[in-house]
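To be precise, the following lines are my_file-v9.cif, and they hold mmCIF, C-alpha atoms and all ligand atoms.
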```
data_query
loop_
_atom_site.label_atom_id
_atom_site.label_comp_id
_atom_site.auth_asym_id
_atom_site.auth_seq_id
_atom_site.Cartn_x
_atom_site.Cartn_y
_atom_site.Cartn_z
CA MET K 190 -8.75 30.01 -18.41
CA THR K 191 -9.41 28.17 -15.21
CA ASP K 192 -12.95 27.39 -14.40
CA LYS K 193 -13.35 27.55 -10.63
CA THR K 194 -15.86 24.76 -10.79
CA ASP K 195 -13.30 22.45 -12.40
CA THR K 196 -12.27 20.97 -9.06
CA VAL K 197 -10.30 18.12 -10.58
CA ASP K 198 -7.94 20.54 -12.25
CA ILE K 199 -7.60 22.86 -9.25
CA ILE K 200 -6.97 20.14 -6.72
CA THR K 201 -4.93 17.63 -8.67
CA GLY K 202 -3.69 19.48 -11.71
CA HIS K 203 -0.24 20.11 -10.25
CA ARG K 204 0.02 16.69 -8.59
CA ARG K 205 -0.21 14.28 -11.46
CA MET K 206 1.77 11.18 -10.51
CA ARG K 207 1.44 9.85 -14.02
CA ARG K 208 3.62 12.57 -15.59
CA ASN K 209 6.83 10.75 -14.64
CA ARG K 210 5.41 7.46 -15.83
CA LYS K 211 4.47 8.65 -19.30
CA ALA K 212 7.37 7.14 -21.30
CA ASP K 213 10.03 4.53 -21.03
CA TRP K 214 12.82 7.13 -20.87
CA SER K 215 11.25 8.99 -17.96
CA ARG K 216 10.38 5.80 -16.11
CA ARG K 217 14.02 4.78 -16.39
CA MET K 218 15.07 8.22 -15.21
CA VAL K 219 13.07 8.02 -11.98
CA GLN K 220 13.60 4.32 -11.22
CA GLU K 221 14.67 4.09 -7.57
CA ASN K 222 16.01 0.56 -7.35
CA ARG K 223 17.85 -1.65 -9.78
CA LEU K 224 18.82 -5.26 -9.77
CA THR K 225 22.38 -6.03 -10.84
CA VAL K 226 24.41 -9.19 -11.03
CA ASP K 227 26.32 -8.02 -7.95
CA ASP K 228 23.14 -8.55 -5.92
CA LEU K 229 23.07 -12.29 -6.56
CA ILE K 230 24.27 -15.21 -4.47
CA TRP K 231 23.68 -18.62 -6.03
CA PRO K 232 22.84 -21.54 -3.69
CA ILE K 233 23.92 -24.88 -5.17
CA PHE K 234 23.45 -28.49 -4.09
CA VAL K 235 26.32 -30.94 -4.14
CA ALA K 236 26.19 -34.72 -4.13
CA PRO K 237 28.78 -37.50 -3.78
CA GLY K 238 30.27 -39.11 -6.89
CA THR K 239 31.55 -37.74 -10.19
CA ASN K 240 29.89 -36.52 -13.36
CA ILE K 241 26.52 -36.32 -11.64
CA VAL K 242 23.86 -33.76 -12.51
CA GLU K 243 20.69 -34.98 -10.89
CA PRO K 244 17.42 -33.03 -11.23
CA ILE K 245 15.49 -32.24 -8.06
CA ASP K 246 11.82 -33.02 -8.71
CA ALA K 247 10.40 -30.33 -6.44
CA MET K 248 12.72 -27.65 -7.88
CA PRO K 249 12.44 -27.70 -11.68
CA GLY K 250 15.68 -26.43 -13.23
CA VAL K 251 17.79 -27.07 -10.11
CA ASN K 252 20.17 -30.03 -9.90
CA ARG K 253 22.32 -31.81 -7.40
CA MET K 254 25.86 -31.83 -8.76
CA SER K 255 28.93 -33.85 -7.96
CA VAL K 256 32.00 -31.80 -7.01
CA ASP K 257 33.43 -31.78 -10.55
CA LYS K 258 30.15 -30.43 -11.90
CA ALA K 259 29.90 -27.92 -9.06
CA VAL K 260 33.29 -26.60 -10.17
CA GLU K 261 31.91 -26.14 -13.70
CA ALA K 262 28.90 -24.35 -12.21
CA ALA K 263 31.23 -22.09 -10.24
CA LYS K 264 33.09 -21.20 -13.44
CA LEU K 265 29.82 -20.39 -15.17
CA ALA K 266 28.72 -18.22 -12.24
CA ALA K 267 32.06 -16.39 -12.15
CA ASP K 268 31.92 -15.77 -15.91
CA LEU K 269 28.46 -14.25 -15.48
CA GLY K 270 29.79 -12.01 -12.71
CA ILE K 271 27.91 -13.61 -9.82
CA PRO K 272 29.93 -12.66 -6.70
CA ALA K 273 29.36 -15.75 -4.55
CA LEU K 274 27.97 -19.25 -4.18
CA ALA K 275 26.32 -20.84 -1.15
CA THR K 276 26.87 -24.60 -1.01
CA PHE K 277 24.60 -27.27 0.49
CA PRO K 278 25.56 -30.95 0.56
CA ASN K 279 23.37 -34.00 0.03
CA VAL K 280 25.42 -36.23 2.32
CA ASP K 281 25.47 -39.99 1.76
CA ILE K 282 22.86 -41.53 4.05
CA SER K 283 25.39 -43.95 5.54
CA LEU K 284 27.39 -40.99 6.87
CA ARG K 285 24.47 -39.43 8.77
CA ASP K 286 24.12 -40.10 12.49
CA ASP K 287 22.52 -38.75 15.68
CA THR K 288 25.15 -36.09 16.27
CA GLY K 289 26.01 -35.21 12.68
CA SER K 290 29.60 -36.34 13.26
CA ASN K 291 30.50 -36.11 9.57
CA SER K 292 30.33 -32.33 9.94
CA LEU K 293 33.66 -32.71 11.76
CA ALA K 294 35.41 -34.55 8.94
CA ALA K 295 37.96 -32.29 7.27
CA ASN K 296 37.35 -33.98 3.91
CA ASN K 297 33.56 -34.21 4.01
CA LEU K 298 31.47 -33.31 0.97
CA ILE K 299 31.03 -29.66 1.83
CA ASN K 300 34.74 -29.13 2.47
CA GLU K 301 35.83 -31.05 -0.64
CA THR K 302 33.49 -28.86 -2.66
CA THR K 303 35.00 -25.70 -1.22
CA ARG K 304 38.55 -26.92 -1.87
CA ALA K 305 37.79 -27.83 -5.47
CA ILE K 306 35.95 -24.58 -6.22
CA LYS K 307 38.54 -22.32 -4.57
CA LYS K 308 41.31 -24.09 -6.47
CA ALA K 309 39.66 -23.82 -9.89
CA VAL K 310 37.78 -20.53 -9.47
CA PRO K 311 39.61 -18.56 -6.77
CA ASN K 312 37.74 -15.33 -7.46
CA ILE K 313 34.26 -16.47 -6.58
CA GLY K 314 33.17 -16.18 -2.95
CA VAL K 315 32.21 -19.41 -1.21
CA ILE K 316 29.66 -19.26 1.59
CA THR K 317 29.17 -22.41 3.65
CA ASP K 318 26.48 -23.37 6.12
CA VAL K 319 27.44 -24.98 9.43
CA ALA K 320 24.02 -26.28 10.45
CA LEU K 321 24.05 -30.00 11.19
CA ASP K 322 20.92 -31.00 9.26
CA PRO K 323 22.68 -32.42 6.19
CA PHE K 324 24.68 -34.66 8.55
CA THR K 325 22.11 -35.85 11.09
CA SER K 326 20.03 -39.01 10.75
CA HIS K 327 17.01 -37.11 12.12
CA GLY K 328 17.30 -34.05 9.86
CA HIS K 329 17.51 -31.54 12.72
CA ASP K 330 20.04 -28.70 12.72
CA GLY K 331 21.48 -29.73 16.06
CA ILE K 332 22.28 -32.67 18.28
CA LEU K 333 19.17 -34.52 19.46
CA ARG K 334 19.17 -35.85 23.04
CA ASP K 335 16.07 -37.23 24.76
CA GLY K 336 13.81 -35.46 22.31
CA GLU K 337 15.57 -32.12 22.69
CA ILE K 338 17.86 -30.25 20.32
CA VAL K 339 20.61 -29.42 22.78
CA ASN K 340 21.93 -25.89 22.31
CA ASP K 341 25.38 -25.55 23.83
CA GLU K 342 26.75 -28.89 22.72
CA THR K 343 25.57 -28.12 19.18
CA VAL K 344 27.22 -24.69 19.30
CA ALA K 345 30.55 -26.25 20.36
CA GLN K 346 30.36 -28.68 17.44
CA ILE K 347 29.41 -26.16 14.77
CA ALA K 348 32.21 -23.85 15.93
CA LYS K 349 34.64 -26.72 15.24
CA ALA K 350 32.96 -27.43 11.91
CA ALA K 351 33.33 -23.73 11.04
CA ILE K 352 37.11 -23.94 11.54
CA LEU K 353 37.29 -26.93 9.18
CA GLN K 354 35.18 -25.10 6.61
CA ALA K 355 37.47 -22.08 6.84
CA ASP K 356 40.54 -24.36 6.59
CA ALA K 357 39.05 -25.69 3.34
CA GLY K 358 38.83 -22.14 1.99
CA ALA K 359 35.33 -20.93 2.83
CA ASP K 360 35.18 -17.13 2.70
CA ILE K 361 32.04 -16.66 4.73
CA ILE K 362 30.50 -18.97 7.31
CA ALA K 363 26.72 -18.81 7.37
CA PRO K 364 25.18 -20.54 10.37
CA SER K 365 21.57 -21.45 9.58
CA ASP K 366 20.90 -23.47 12.73
CA MET K 367 19.49 -20.71 15.01
CA MET K 368 21.19 -22.06 18.14
CA ASP K 369 21.70 -19.34 20.76
CA GLY K 370 25.21 -17.95 20.99
CA ARG K 371 26.54 -19.55 17.83
CA VAL K 372 27.73 -16.39 16.10
CA GLY K 373 29.96 -15.42 19.04
CA ALA K 374 31.26 -18.97 19.41
CA ILE K 375 32.07 -19.23 15.69
CA ARG K 376 33.79 -15.83 15.74
CA ARG K 377 36.00 -16.82 18.69
CA ALA K 378 36.80 -20.20 17.14
CA LEU K 379 37.71 -18.69 13.76
CA ASP K 380 39.91 -16.03 15.35
CA ALA K 381 41.69 -18.55 17.57
CA ALA K 382 42.41 -20.66 14.49
CA GLY K 383 43.88 -17.71 12.58
CA HIS K 384 40.84 -17.16 10.36
CA GLN K 385 40.33 -13.49 11.21
CA ASN K 386 39.44 -12.70 7.61
CA VAL K 387 36.70 -15.28 7.32
CA GLY K 388 33.36 -13.52 7.70
CA ILE K 389 30.07 -14.53 9.26
CA MET K 390 26.75 -14.06 7.51
CA ALA K 391 24.28 -14.74 10.30
CA TYR K 392 20.98 -16.31 9.40
CA ALA K 393 19.84 -13.65 11.80
CA THR K 394 16.19 -14.36 11.44
CA LYS K 395 15.23 -17.77 10.25
CA PHE K 396 11.56 -18.51 10.55
CA ALA K 397 9.90 -21.87 11.15
CA SER K 398 8.54 -21.86 7.63
CA ALA K 399 6.67 -24.22 5.33
CA PHE K 400 8.56 -22.68 2.39
CA TYR K 401 11.58 -24.96 2.98
CA GLY K 402 9.82 -28.08 1.68
CA PRO K 403 11.59 -28.50 -1.68
CA TYR K 404 15.02 -27.91 -0.10
CA ARG K 405 14.48 -30.83 2.21
CA GLU K 406 13.97 -33.03 -0.81
CA ALA K 407 17.13 -31.58 -2.36
CA ILE K 408 19.36 -32.57 0.56
CA GLY K 409 17.41 -35.68 1.46
CA THR K 410 16.15 -34.61 4.88
CA SER K 411 12.41 -34.60 4.16
CA GLY K 412 11.98 -38.30 4.84
CA LEU K 413 14.20 -38.13 7.91
CA LEU K 414 12.93 -35.12 9.80
CA LYS K 415 11.07 -36.03 12.94
CA GLY K 416 8.77 -33.35 14.30
CA ASP K 417 9.44 -29.74 13.40
CA LYS K 418 12.00 -27.00 14.05
CA LYS K 419 9.79 -24.70 16.13
CA THR K 420 11.99 -24.93 19.24
CA TYR K 421 14.83 -23.17 17.44
CA TYR K 422 13.49 -21.30 14.38
CA ILE K 423 11.40 -18.14 14.91
CA ASP K 424 7.58 -18.13 14.90
CA PRO K 425 6.40 -16.49 11.64
CA ALA K 426 4.09 -14.34 13.78
CA ASN K 427 6.97 -12.59 15.57
CA GLY K 428 8.72 -9.53 14.14
CA THR K 429 9.96 -7.95 17.35
CA GLU K 430 11.43 -11.22 18.57
CA ALA K 431 13.19 -11.56 15.21
CA MET K 432 14.76 -8.13 15.72
CA ARG K 433 15.98 -9.08 19.21
CA ASP K 434 17.50 -12.25 17.80
CA ALA K 435 19.24 -10.29 15.05
CA ALA K 436 20.54 -7.76 17.60
CA LEU K 437 22.30 -10.59 19.45
CA ASP K 438 23.98 -11.73 16.23
CA VAL K 439 25.17 -8.17 15.63
CA GLU K 440 26.58 -7.96 19.18
CA GLU K 441 28.26 -11.33 18.77
CA GLY K 442 30.13 -10.13 15.70
CA ALA K 443 28.10 -10.92 12.58
CA ASP K 444 29.47 -9.16 9.49
CA MET K 445 26.27 -9.53 7.50
CA LEU K 446 22.70 -10.47 8.28
CA MET K 447 20.26 -12.68 6.44
CA VAL K 448 16.50 -12.96 6.46
CA LYS K 449 14.98 -16.32 5.54
CA PRO K 450 12.57 -16.97 3.86
CA GLY K 451 12.52 -13.81 1.76
CA LEU K 452 9.39 -12.42 0.19
CA PRO K 453 6.94 -13.16 3.04
CA TYR K 454 9.37 -11.36 5.41
CA LEU K 455 10.16 -8.09 3.60
CA ASP K 456 9.10 -6.15 6.68
CA ILE K 457 11.92 -7.83 8.60
CA CYS K 458 14.43 -7.01 5.84
CA TRP K 459 13.44 -3.37 6.06
CA ARG K 460 13.53 -3.19 9.86
CA MET K 461 16.89 -4.93 9.97
CA LYS K 462 18.49 -2.62 7.43
CA GLU K 463 17.11 0.45 9.23
CA SER K 464 18.15 -0.74 12.68
CA PHE K 465 21.64 -2.10 12.19
CA GLY K 466 23.03 -0.63 8.99
CA LEU K 467 24.86 -3.90 8.32
CA PRO K 468 24.61 -5.54 4.90
CA VAL K 469 21.30 -7.42 4.77
CA PHE K 470 20.62 -10.38 2.52
CA ALA K 471 17.38 -12.20 1.86
CA TYR K 472 17.19 -15.89 1.05
CA GLN K 473 14.53 -16.51 -1.57
CA VAL K 474 14.04 -20.09 -0.46
CA SER K 475 13.15 -23.25 -2.31
CA GLY K 476 9.37 -22.95 -1.84
CA GLU K 477 9.40 -19.40 -3.16
CA TYR K 478 11.35 -20.59 -6.21
CA SER K 479 9.17 -23.63 -6.86
CA GLN K 480 5.88 -21.72 -6.62
CA ILE K 481 7.02 -19.36 -9.36
CA LYS K 482 8.28 -22.27 -11.48
CA ALA K 483 5.06 -24.24 -11.04
CA ALA K 484 2.73 -21.36 -11.85
CA ALA K 485 4.85 -20.43 -14.86
CA ALA K 486 4.86 -24.03 -16.10
CA ASN K 487 1.08 -23.96 -15.99
CA GLY K 488 0.98 -20.74 -17.96
CA TRP K 489 -0.65 -18.90 -15.04
CA ILE K 490 2.03 -16.25 -14.64
CA ASP K 491 4.90 -14.90 -16.71
CA GLY K 492 7.69 -16.66 -14.80
CA GLU K 493 10.49 -14.39 -15.94
CA ARG K 494 8.70 -11.18 -15.05
CA VAL K 495 7.56 -12.51 -11.69
CA MET K 496 11.10 -13.66 -10.91
CA LEU K 497 12.55 -10.23 -11.70
CA GLU K 498 9.78 -8.47 -9.80
CA THR K 499 10.38 -10.52 -6.64
CA LEU K 500 14.12 -9.83 -6.74
CA LEU K 501 13.57 -6.11 -7.25
CA ALA K 502 11.17 -6.12 -4.29
CA PHE K 503 14.05 -7.29 -2.09
CA LYS K 504 16.10 -4.30 -3.22
CA ARG K 505 13.23 -1.93 -2.46
CA ALA K 506 12.95 -3.47 1.00
CA GLY K 507 16.57 -2.50 1.70
CA CYS K 508 18.39 -5.74 0.90
CA ASP K 509 21.97 -5.58 -0.32
CA GLY K 510 21.62 -8.89 -2.09
CA ILE K 511 19.58 -12.03 -2.51
CA LEU K 512 20.36 -15.73 -2.32
CA SER K 513 18.31 -17.11 -5.16
CA TYR K 514 18.09 -20.31 -7.18
CA PHE K 515 17.28 -17.99 -10.09
CA ALA K 516 20.73 -16.37 -9.90
CA VAL K 517 22.09 -17.80 -13.16
CA ASP K 518 18.86 -17.16 -15.11
CA VAL K 519 18.79 -13.59 -13.85
CA ALA K 520 22.48 -12.96 -14.52
CA ARG K 521 21.95 -14.10 -18.12
CA ILE K 522 18.98 -11.77 -18.56
CA LEU K 523 20.81 -8.82 -17.01
CA SER K 524 23.86 -9.37 -19.20
CA LYS K 525 21.69 -8.94 -22.30
CA ARG K 526 20.20 -5.63 -21.20
C1 LIG K 601 18.55 -25.97 7.45
C2 LIG K 601 18.35 -25.29 6.16
C3 LIG K 601 17.11 -24.98 5.61
C4 LIG K 601 17.35 -24.40 4.37
C5 LIG K 601 18.73 -24.31 4.21
N1 LIG K 601 19.33 -24.87 5.32
C6 LIG K 601 15.76 -25.14 6.19
C7 LIG K 601 15.33 -26.43 6.69
O1 LIG K 601 15.54 -27.49 6.09
O2 LIG K 601 14.73 -26.40 7.76
C8 LIG K 601 16.28 -23.95 3.42
C9 LIG K 601 16.69 -23.50 2.09
C10 LIG K 601 15.58 -23.45 1.11
O3 LIG K 601 14.42 -23.79 1.40
O4 LIG K 601 15.87 -23.05 -0.03
N2 LIG K 601 19.68 -25.62 8.15
#
```
Take the structure in the file and give it back as C-alpha cells.
Amino acid sequence: MTDKTDTVDIITGHRRMRRNRKADWSRRMVQENRLTVDDLIWPIFVAPGTNIVEPIDAMPGVNRMSVDKAVEAAKLAADLGIPALATFPNVDISLRDDTGSNSLAANNLINETTRAIKKAVPNIGVITDVALDPFTSHGHDGILRDGEIVNDETVAQIAKAAILQADAGADIIAPSDMMDGRVGAIRRALDAAGHQNVGIMAYATKFASAFYGPYREAIGTSGLLKGDKKTYYIDPANGTEAMRDAALDVEEGADMLMVKPGLPYLDICWRMKESFGLPVFAYQVSGEYSQIKAAAANGWIDGERVMLETLLAFKRAGCDGILSYFAVDVARILSKR
C-alpha cells in the first residue's frame, strides 16, 4: 500500500537510474559506447640506423626505432588488428636546415620507413605527417623568414613533400602544420600526380598546447624550437575559431578530421562530428600519455583503467578513432576480453 506521505517513493519510485546498473550483465546490455581495436591508430617514432630501439625518457614505454624495427612494430600492430600507424621521424641533426629541405628528399627517413613497412606489411595503413618541424633547424612547422613562419611558401613545399610521401606508399597524408590553404594545395598536388586514392586526414584543429612537450623530446625539436607556435596553431581558448578552421579543411577536400590534443578538447570533437559528419579522430598526445604513465608509476592512479577510460571518453564524444601511444597495450587487453 502506498503511503501518500512517502514522497520519495511517489516521486522517484518509477525513475530509479540504478536499476539498469544493478549487475554486470545489465550494465553490459545498456553500454552505449565500446572501444575496439578498429578505433586505434598507433603513432610511432623512427630514427636513422639499424637495430635501434631507443627509449624516450619523457614517454616511458615508447621508443624511437630504426626502420627495420619499425617494420617489426608494424607486423606486431597488424597481428593485433590495429588498422593504421602514424609515423614521425627523428631526423639526423645534420640534415635539418632553415627550410626543412630534407622533407623534399624522396629517400628521407619518413619515406624509407613507409616503403619498408608497405613492402613487409602491405595491409596496415600508413599515415604520414607533412609538417616541416622534424626537418627544420628551428623546430617550426614551416619556413622561417625574418622571424615569420611564411605561409604560402611552406604550403607549396609541403604539397611537394606530400607527393613524395604518396609515391613512397603513404595511404593518408596528415598535415599537422596548420598553414592556411594546405589541405586544398595537397589535394590538388596529389591528384595532379595521380594519387587520387591517397586520403587527407586534416589536423583540422591543432591547438597551441603545452601537452606536446614529450613529443618534442622524441623527435629532437625541444632544444631547437625558438619561440612558440602561436602564430599558426589555435588558441586553446577558441572553440568557434577552431570550427571555422575545420570548415575550411572540409571545403578544401579533407577526407577525415583530427582534433589535437585530445582529452582537453572533447567539446571540439563533439562539435566537429555533429557539424560535418566526416570521420573524426582525436590525437591523445604525448603529454596526455606521459601524465597517465607518471601517475601510474607513482601508484597514484590505476594506469590501465585510466587509459581505457580516456579512450572510451573519446568514443562518447563522437570520435571514430584515436591516435594513441597506448594502442598496442590496449589492443592486447581487448584481445583478451
Ligand atoms: C608538429 C607536431 C606536434 C606533434 C606532432 N607533430 C606538435 C609540436 O611539436 O608542436 C605532437 C604529438 C604529440 O605530442 O604526441 N607538427
Using 6 Å as the limit and counting all atoms listed in the file, can you tabulate each residue of chain K that touches ligand LIG 601 (chain K), with its shortest atom-to-atom distance in Å and the two atoms involved, as a tab-separated table?
```
residue	atom	partner	partner_atom	distance
K:Ala320	CA	K:LIG601	N2	5.0
K:Asp322	CA	K:LIG601	N2	5.6
K:Asp330	CA	K:LIG601	N2	5.5
K:Ser365	CA	K:LIG601	N2	4.8
K:Asp366	CA	K:LIG601	N2	5.2
K:Tyr401	CA	K:LIG601	O3	3.5
K:Tyr404	CA	K:LIG601	O3	4.4
K:Arg405	CA	K:LIG601	O1	5.2
K:Val474	CA	K:LIG601	O4	3.5
K:Ser475	CA	K:LIG601	O4	3.6
```
Expected file: the selected residues, C-alpha atoms, as a PDB file, keeping the file's coordinate frame:
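To be explicit, this is the file written out as out_29.pdb:
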```pdb
ATOM      1  CA  ALA K 320      24.020 -26.280  10.450  1.00  0.00           C
ATOM      2  CA  ASP K 322      20.920 -31.000   9.260  1.00  0.00           C
ATOM      3  CA  ASP K 330      20.040 -28.700  12.720  1.00  0.00           C
ATOM      4  CA  SER K 365      21.570 -21.450   9.580  1.00  0.00           C
ATOM      5  CA  ASP K 366      20.900 -23.470  12.730  1.00  0.00           C
ATOM      6  CA  TYR K 401      11.580 -24.960   2.980  1.00  0.00           C
ATOM      7  CA  TYR K 404      15.020 -27.910  -0.100  1.00  0.00           C
ATOM      8  CA  ARG K 405      14.480 -30.830   2.210  1.00  0.00           C
ATOM      9  CA  VAL K 474      14.040 -20.090  -0.460  1.00  0.00           C
ATOM     10  CA  SER K 475      13.150 -23.250  -2.310  1.00  0.00           C
TER      11      SER K 475
END
```
Return the single residue from K:Ile457, K:Ala435, K:Cys508, K:Val319 that is closest to Ile352 in chain K, with distances computed using all atoms listed in the file.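 Smallest distance to Ile352 in chain K is found for K:Val319.
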Taking into account all atoms listed in the file, which residue in the set K:Thr225, K:Asn291, K:Asn209, K:Asn312 is nearest to Lys504 in chain K?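 Residue with the minimum atom-to-atom distance to Lys504 in chain K: K:Thr225.
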Have a look at K:Gln354, K:Ser524, K:Gln473, K:Ser215 and name the one nearest to Ile230 in chain K; count all atoms listed in the file.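 Distance minimum relative to Ile230 in chain K lands on K:Gln473.
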Pick out the closest residue to Lys482 in chain K from this set: K:Leu298, K:Leu293, K:Ala273, K:Val251. Count all atoms listed in the file. K:Val251
Looking at K:Thr394, K:Thr288, K:Ser479, K:Thr302, which one is nearest to Thr343 in chain K, with distances taken over only C-alpha atoms? K:Thr288
Residue with smallest distance to Ala436 in chain K - pool K:Gly370, K:Pro249, K:Gly412, K:Gly402, counting all atoms listed in the file: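 For Ala436 in chain K, the nearest of the candidates is K:Gly370.
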Do you know which residues are at most 12 Å from Asp369 in chain K counting only C-alpha atoms, after dropping those on the same chain fewer than 6 positions away, and could you put them as a list in words? Gly331, Ile338, Val339, Asn340, Asp341, Glu342, Thr343, Val344, Ala345, Ile347, Ile375, Ala391, Tyr392, Ala393, Thr394, Thr420, Tyr421, Tyr422, Ile423, Arg433, Asp434, Ala435, Leu437, Asp438 and Glu441 of chain K
Emit a file covering range 468-492 of chain K of the preceding structure with N, CA and C atoms, as a PDB file, in the first residue's frame.
```pdb
ATOM      1  N   PRO K 468      34.432  11.463 -40.724  1.00  0.00           N
ATOM      2  CA  PRO K 468      35.119  10.745 -39.646  1.00  0.00           C
ATOM      3  C   PRO K 468      35.989  11.714 -38.841  1.00  0.00           C
ATOM      4  N   VAL K 469      35.896  11.602 -37.515  1.00  0.00           N
ATOM      5  CA  VAL K 469      36.665  12.483 -36.632  1.00  0.00           C
ATOM      6  C   VAL K 469      37.587  11.627 -35.751  1.00  0.00           C
ATOM      7  N   PHE K 470      38.834  12.030 -35.710  1.00  0.00           N
ATOM      8  CA  PHE K 470      39.825  11.332 -34.892  1.00  0.00           C
ATOM      9  C   PHE K 470      40.404  12.295 -33.863  1.00  0.00           C
ATOM     10  N   ALA K 471      40.714  11.756 -32.701  1.00  0.00           N
ATOM     11  CA  ALA K 471      41.390  12.568 -31.694  1.00  0.00           C
ATOM     12  C   ALA K 471      42.812  12.051 -31.556  1.00  0.00           C
ATOM     13  N   TYR K 472      43.734  12.959 -31.330  1.00  0.00           N
ATOM     14  CA  TYR K 472      45.116  12.567 -31.060  1.00  0.00           C
ATOM     15  C   TYR K 472      45.366  12.733 -29.572  1.00  0.00           C
ATOM     16  N   GLN K 473      45.449  11.591 -28.885  1.00  0.00           N
ATOM     17  CA  GLN K 473      45.824  11.625 -27.466  1.00  0.00           C
ATOM     18  C   GLN K 473      47.340  11.828 -27.449  1.00  0.00           C
ATOM     19  N   VAL K 474      47.753  13.058 -27.212  1.00  0.00           N
ATOM     20  CA  VAL K 474      49.152  13.418 -27.484  1.00  0.00           C
ATOM     21  C   VAL K 474      50.102  12.984 -26.365  1.00  0.00           C
ATOM     22  N   SER K 475      51.374  13.239 -26.626  1.00  0.00           N
ATOM     23  CA  SER K 475      52.439  12.755 -25.750  1.00  0.00           C
ATOM     24  C   SER K 475      52.238  13.155 -24.290  1.00  0.00           C
ATOM     25  N   GLY K 476      51.869  14.406 -24.038  1.00  0.00           N
ATOM     26  CA  GLY K 476      51.707  14.864 -22.654  1.00  0.00           C
ATOM     27  C   GLY K 476      50.558  14.160 -21.951  1.00  0.00           C
ATOM     28  N   GLU K 477      49.514  13.849 -22.708  1.00  0.00           N
ATOM     29  CA  GLU K 477      48.389  13.112 -22.130  1.00  0.00           C
ATOM     30  C   GLU K 477      48.845  11.707 -21.740  1.00  0.00           C
ATOM     31  N   TYR K 478      49.628  11.093 -22.633  1.00  0.00           N
ATOM     32  CA  TYR K 478      50.176   9.756 -22.375  1.00  0.00           C
ATOM     33  C   TYR K 478      51.086   9.775 -21.144  1.00  0.00           C
ATOM     34  N   SER K 479      52.023  10.712 -21.139  1.00  0.00           N
ATOM     35  CA  SER K 479      53.045  10.706 -20.083  1.00  0.00           C
ATOM     36  C   SER K 479      52.458  11.017 -18.706  1.00  0.00           C
ATOM     37  N   GLN K 480      51.416  11.846 -18.660  1.00  0.00           N
ATOM     38  CA  GLN K 480      50.807  12.122 -17.346  1.00  0.00           C
ATOM     39  C   GLN K 480      50.236  10.852 -16.750  1.00  0.00           C
ATOM     40  N   ILE K 481      49.570  10.064 -17.596  1.00  0.00           N
ATOM     41  CA  ILE K 481      48.968   8.819 -17.102  1.00  0.00           C
ATOM     42  C   ILE K 481      50.073   7.872 -16.651  1.00  0.00           C
ATOM     43  N   LYS K 482      51.123   7.763 -17.472  1.00  0.00           N
ATOM     44  CA  LYS K 482      52.244   6.878 -17.138  1.00  0.00           C
ATOM     45  C   LYS K 482      52.906   7.295 -15.822  1.00  0.00           C
ATOM     46  N   ALA K 483      53.115   8.586 -15.659  1.00  0.00           N
ATOM     47  CA  ALA K 483      53.820   9.076 -14.474  1.00  0.00           C
ATOM     48  C   ALA K 483      52.992   8.848 -13.213  1.00  0.00           C
ATOM     49  N   ALA K 484      51.707   9.162 -13.291  1.00  0.00           N
ATOM     50  CA  ALA K 484      50.861   8.977 -12.105  1.00  0.00           C
ATOM     51  C   ALA K 484      50.742   7.497 -11.755  1.00  0.00           C
ATOM     52  N   ALA K 485      50.655   6.667 -12.800  1.00  0.00           N
ATOM     53  CA  ALA K 485      50.559   5.224 -12.558  1.00  0.00           C
ATOM     54  C   ALA K 485      51.848   4.699 -11.935  1.00  0.00           C
ATOM     55  N   ALA K 486      52.991   5.201 -12.424  1.00  0.00           N
ATOM     56  CA  ALA K 486      54.286   4.743 -11.903  1.00  0.00           C
ATOM     57  C   ALA K 486      54.442   5.099 -10.429  1.00  0.00           C
ATOM     58  N   ASN K 487      53.781   6.173 -10.029  1.00  0.00           N
ATOM     59  CA  ASN K 487      53.827   6.583  -8.627  1.00  0.00           C
ATOM     60  C   ASN K 487      52.772   5.879  -7.772  1.00  0.00           C
ATOM     61  N   GLY K 488      51.964   5.069  -8.417  1.00  0.00           N
ATOM     62  CA  GLY K 488      50.910   4.372  -7.681  1.00  0.00           C
ATOM     63  C   GLY K 488      49.730   5.264  -7.325  1.00  0.00           C
ATOM     64  N   TRP K 489      49.619   6.415  -7.998  1.00  0.00           N
ATOM     65  CA  TRP K 489      48.543   7.362  -7.670  1.00  0.00           C
ATOM     66  C   TRP K 489      47.243   7.055  -8.390  1.00  0.00           C
ATOM     67  N   ILE K 490      47.345   6.421  -9.537  1.00  0.00           N
ATOM     68  CA  ILE K 490      46.134   6.018 -10.269  1.00  0.00           C
ATOM     69  C   ILE K 490      46.361   4.602 -10.789  1.00  0.00           C
ATOM     70  N   ASP K 491      45.268   3.956 -11.177  1.00  0.00           N
ATOM     71  CA  ASP K 491      45.373   2.662 -11.850  1.00  0.00           C
ATOM     72  C   ASP K 491      45.547   2.983 -13.342  1.00  0.00           C
ATOM     73  N   GLY K 492      46.785   2.879 -13.813  1.00  0.00           N
ATOM     74  CA  GLY K 492      47.115   3.322 -15.169  1.00  0.00           C
ATOM     75  C   GLY K 492      46.281   2.656 -16.240  1.00  0.00           C
TER      76      GLY K 492
END
```
